[in-house]
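Have a look at the structure below before the remarks.
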Amino acid sequence: MTLIRQGEKVFFMRIFIAVLVIIFNLQFWTKADDIREFEIENMSLGDSLLDYFSKDFIENNIDNESNYKSKEFYDISISNHPKFEIYDAVQISVKNNDKKFLIQGIDGIKVYEDIDQCLKDRKDIVEELFLLFNNADKYERKKIKHPGYANSFTTDTFLTLSDENEVIISCYDFSEDIAINDQLRVAMWSKELNAWLIR
């Protein structure tokens, strides 16, 4: 004599499958809103830069040309490093006087000769990242004038996560009068850095 009839077995099996689906979906939703799932040259927000570079190297690559209004944060700019597999340069933002050099922002920078190719690649990257951060608020900003360079433009997409960390994918179309190549920038900024940059 069986203790569970066939109909009850089917019922319990359906409940079991439903619970599994919920568990897997919860894990996916958590991943999709965790910016640490995203890395730029193996680095992510909250990492210590000391895990990747020596203190001397970091201090020797501080960007003294940053035109920030205050000194709460500063940038470290690293170009053509043998560790980099995707980007031509990386710009990293850290808090002033932070002895651990915790990453508050990181931009992967790729140089382009053809702005149309940059825009095409940017579109593909936006689609991929929106699949990863599918709960993010997405804001597309069409081509606008660059505030710091004459006759130059940016095209940007902002993905704002529920914790207000942000991922930004941009193409910088610099004027031919400026000795700067066009750039693709893929960036992630902490909530704190983002608030500081826009105030």
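Naming scheme: A, B, ... for chains in displayed order of the structure tokens; residues 1 onward per chain; ligands 1 onward as shown.
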
Residues within 6 Å of region 180-190 of chain A, only C-alpha atoms, excluding chain neighbours under 3 positions, as number ranges by chain:
A: 104-112, 165-174, 193-194

Suppose we keep N, CA and C atoms; can you now write the selection as a short mmCIF file (atom, residue, chain, number, x, y, z; two decimals), in the first residue's frame?
```
data_model
loop_
_atom_site.label_atom_id
_atom_site.label_comp_id
_atom_site.auth_asym_id
_atom_site.auth_seq_id
_atom_site.Cartn_x
_atom_site.Cartn_y
_atom_site.Cartn_z
N GLN A 104 36.72 53.21 -6.44
CA GLN A 104 35.40 53.84 -6.39
C GLN A 104 34.82 54.02 -7.80
N GLY A 105 35.70 54.05 -8.77
CA GLY A 105 35.29 54.17 -10.17
C GLY A 105 36.37 53.63 -11.07
N ILE A 106 35.95 53.05 -12.19
CA ILE A 106 36.94 52.53 -13.14
C ILE A 106 36.39 52.66 -14.55
N ASP A 107 37.19 53.25 -15.43
CA ASP A 107 36.85 53.42 -16.84
C ASP A 107 37.81 52.61 -17.69
N GLY A 108 37.28 51.72 -18.52
CA GLY A 108 38.09 51.08 -19.53
C GLY A 108 38.02 51.92 -20.80
N ILE A 109 39.17 52.24 -21.38
CA ILE A 109 39.24 53.17 -22.51
C ILE A 109 39.84 52.47 -23.71
N LYS A 110 39.12 52.52 -24.82
CA LYS A 110 39.62 51.93 -26.07
C LYS A 110 39.66 53.04 -27.12
N VAL A 111 40.78 53.15 -27.80
CA VAL A 111 41.00 54.22 -28.78
C VAL A 111 40.49 53.78 -30.16
N TYR A 112 39.87 54.72 -30.87
CA TYR A 112 39.30 54.44 -32.20
C TYR A 112 39.77 55.49 -33.20
N ASN A 165 24.72 52.38 -7.70
CA ASN A 165 25.95 52.28 -8.48
C ASN A 165 25.57 52.41 -9.95
N GLU A 166 26.52 52.81 -10.78
CA GLU A 166 26.17 53.10 -12.16
C GLU A 166 27.19 52.55 -13.14
N VAL A 167 26.69 52.09 -14.28
CA VAL A 167 27.53 51.67 -15.39
C VAL A 167 27.25 52.63 -16.55
N ILE A 168 28.31 53.14 -17.18
CA ILE A 168 28.16 54.12 -18.25
C ILE A 168 28.94 53.63 -19.46
N ILE A 169 28.31 53.65 -20.62
CA ILE A 169 28.95 53.22 -21.87
C ILE A 169 28.90 54.41 -22.82
N SER A 170 30.07 54.91 -23.25
CA SER A 170 30.12 56.17 -24.00
C SER A 170 31.07 56.09 -25.18
N CYS A 171 30.75 56.89 -26.20
CA CYS A 171 31.70 57.17 -27.27
C CYS A 171 32.03 58.66 -27.22
N TYR A 172 33.32 58.98 -27.26
CA TYR A 172 33.78 60.36 -27.28
C TYR A 172 34.28 60.67 -28.69
N ASP A 173 33.60 61.60 -29.33
CA ASP A 173 33.94 62.02 -30.69
C ASP A 173 34.66 63.36 -30.60
N PHE A 174 36.00 63.30 -30.59
CA PHE A 174 36.79 64.51 -30.40
C PHE A 174 37.02 65.24 -31.72
N LEU A 193 30.88 58.09 -5.62
CA LEU A 193 31.62 58.82 -6.66
C LEU A 193 30.63 59.51 -7.60
N ASN A 194 29.59 58.82 -7.98
CA ASN A 194 28.61 59.38 -8.90
C ASN A 194 27.97 60.64 -8.33
#
```

Applying 9 Å and only C-alpha atoms, which residues near Asn80 (chain A) remain after dropping the ones on its own chain fewer than 6 positions away? List them as a short mmCIF file (atom, residue, chain, number, x, y, z; two decimals) with all heavy atoms, in the first residue's frame.
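Saved file selection_4.cif follows:
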```cif
data_model
loop_
_atom_site.label_atom_id
_atom_site.label_comp_id
_atom_site.auth_asym_id
_atom_site.auth_seq_id
_atom_site.Cartn_x
_atom_site.Cartn_y
_atom_site.Cartn_z
N TYR A 87 41.42 46.72 -23.07
CA TYR A 87 41.44 48.18 -23.20
C TYR A 87 42.85 48.70 -23.40
O TYR A 87 43.83 48.10 -22.97
CB TYR A 87 40.80 48.82 -21.96
CG TYR A 87 39.34 48.46 -21.82
CD1 TYR A 87 38.94 47.43 -20.98
CD2 TYR A 87 38.37 49.13 -22.55
CE1 TYR A 87 37.60 47.08 -20.85
CE2 TYR A 87 37.03 48.79 -22.43
CZ TYR A 87 36.65 47.76 -21.59
OH TYR A 87 35.33 47.42 -21.49
N ASP A 88 42.92 49.87 -24.05
CA ASP A 88 44.21 50.53 -24.26
C ASP A 88 44.67 51.25 -23.01
O ASP A 88 45.86 51.47 -22.81
CB ASP A 88 44.10 51.54 -25.43
CG ASP A 88 43.72 50.86 -26.73
OD1 ASP A 88 44.36 49.85 -27.07
OD2 ASP A 88 42.77 51.32 -27.39
N ALA A 89 43.71 51.67 -22.19
CA ALA A 89 44.02 52.38 -20.95
C ALA A 89 42.89 52.16 -19.96
O ALA A 89 41.77 51.82 -20.33
CB ALA A 89 44.21 53.87 -21.23
N VAL A 90 43.22 52.38 -18.69
CA VAL A 90 42.23 52.30 -17.62
C VAL A 90 42.43 53.51 -16.72
O VAL A 90 43.56 53.87 -16.38
CB VAL A 90 42.37 50.99 -16.81
CG1 VAL A 90 41.51 51.03 -15.57
CG2 VAL A 90 41.99 49.79 -17.67
#
```

From A:Ile92, A:Leu132, A:Glu72, A:Thr157, residue lying nearest Phe38 (chain A) [only C-alpha atoms]
A:Leu132

Check the DSSP output for the backbone and give back, as a compact mmCIF listing (two decimals) with N, CA and C atoms, in the first residue's frame, the residues of region 30-105 of chain A in alpha helix (DSSP H).
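Once written, result.txt looks like this:
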```
# COMPACT_ATOMS: atom_id res chain seq x y z
N THR A 30 19.68 38.46 -8.10
CA THR A 30 20.74 39.01 -7.26
C THR A 30 21.97 39.31 -8.10
N LYS A 31 22.36 38.37 -8.94
CA LYS A 31 23.53 38.57 -9.81
C LYS A 31 23.32 39.76 -10.72
N ALA A 32 22.12 39.89 -11.24
CA ALA A 32 21.86 40.91 -12.24
C ALA A 32 21.90 42.31 -11.67
N LYS A 55 52.25 49.98 -4.61
CA LYS A 55 51.97 51.35 -4.15
C LYS A 55 52.78 52.37 -4.95
N ASP A 56 54.04 52.06 -5.21
CA ASP A 56 54.89 52.98 -5.99
C ASP A 56 54.33 53.17 -7.39
N PHE A 57 53.90 52.07 -8.01
CA PHE A 57 53.34 52.18 -9.37
C PHE A 57 52.09 53.04 -9.35
N ILE A 58 51.22 52.83 -8.38
CA ILE A 58 49.98 53.61 -8.29
C ILE A 58 50.30 55.09 -8.14
N GLU A 59 51.20 55.41 -7.22
CA GLU A 59 51.52 56.83 -6.96
C GLU A 59 52.22 57.47 -8.15
N ASN A 60 52.96 56.69 -8.91
CA ASN A 60 53.64 57.24 -10.10
C ASN A 60 52.68 57.46 -11.27
```

Output as an NGL selection string all residues of chain A that backbone DSSP marks as strand (DSSP E or B).
:A and (40 or 43 or 48 or 62 or 73-79 or 89-95 or 102 or 105-112 or 137-145 or 153-160 or 166-173 or 182-189)
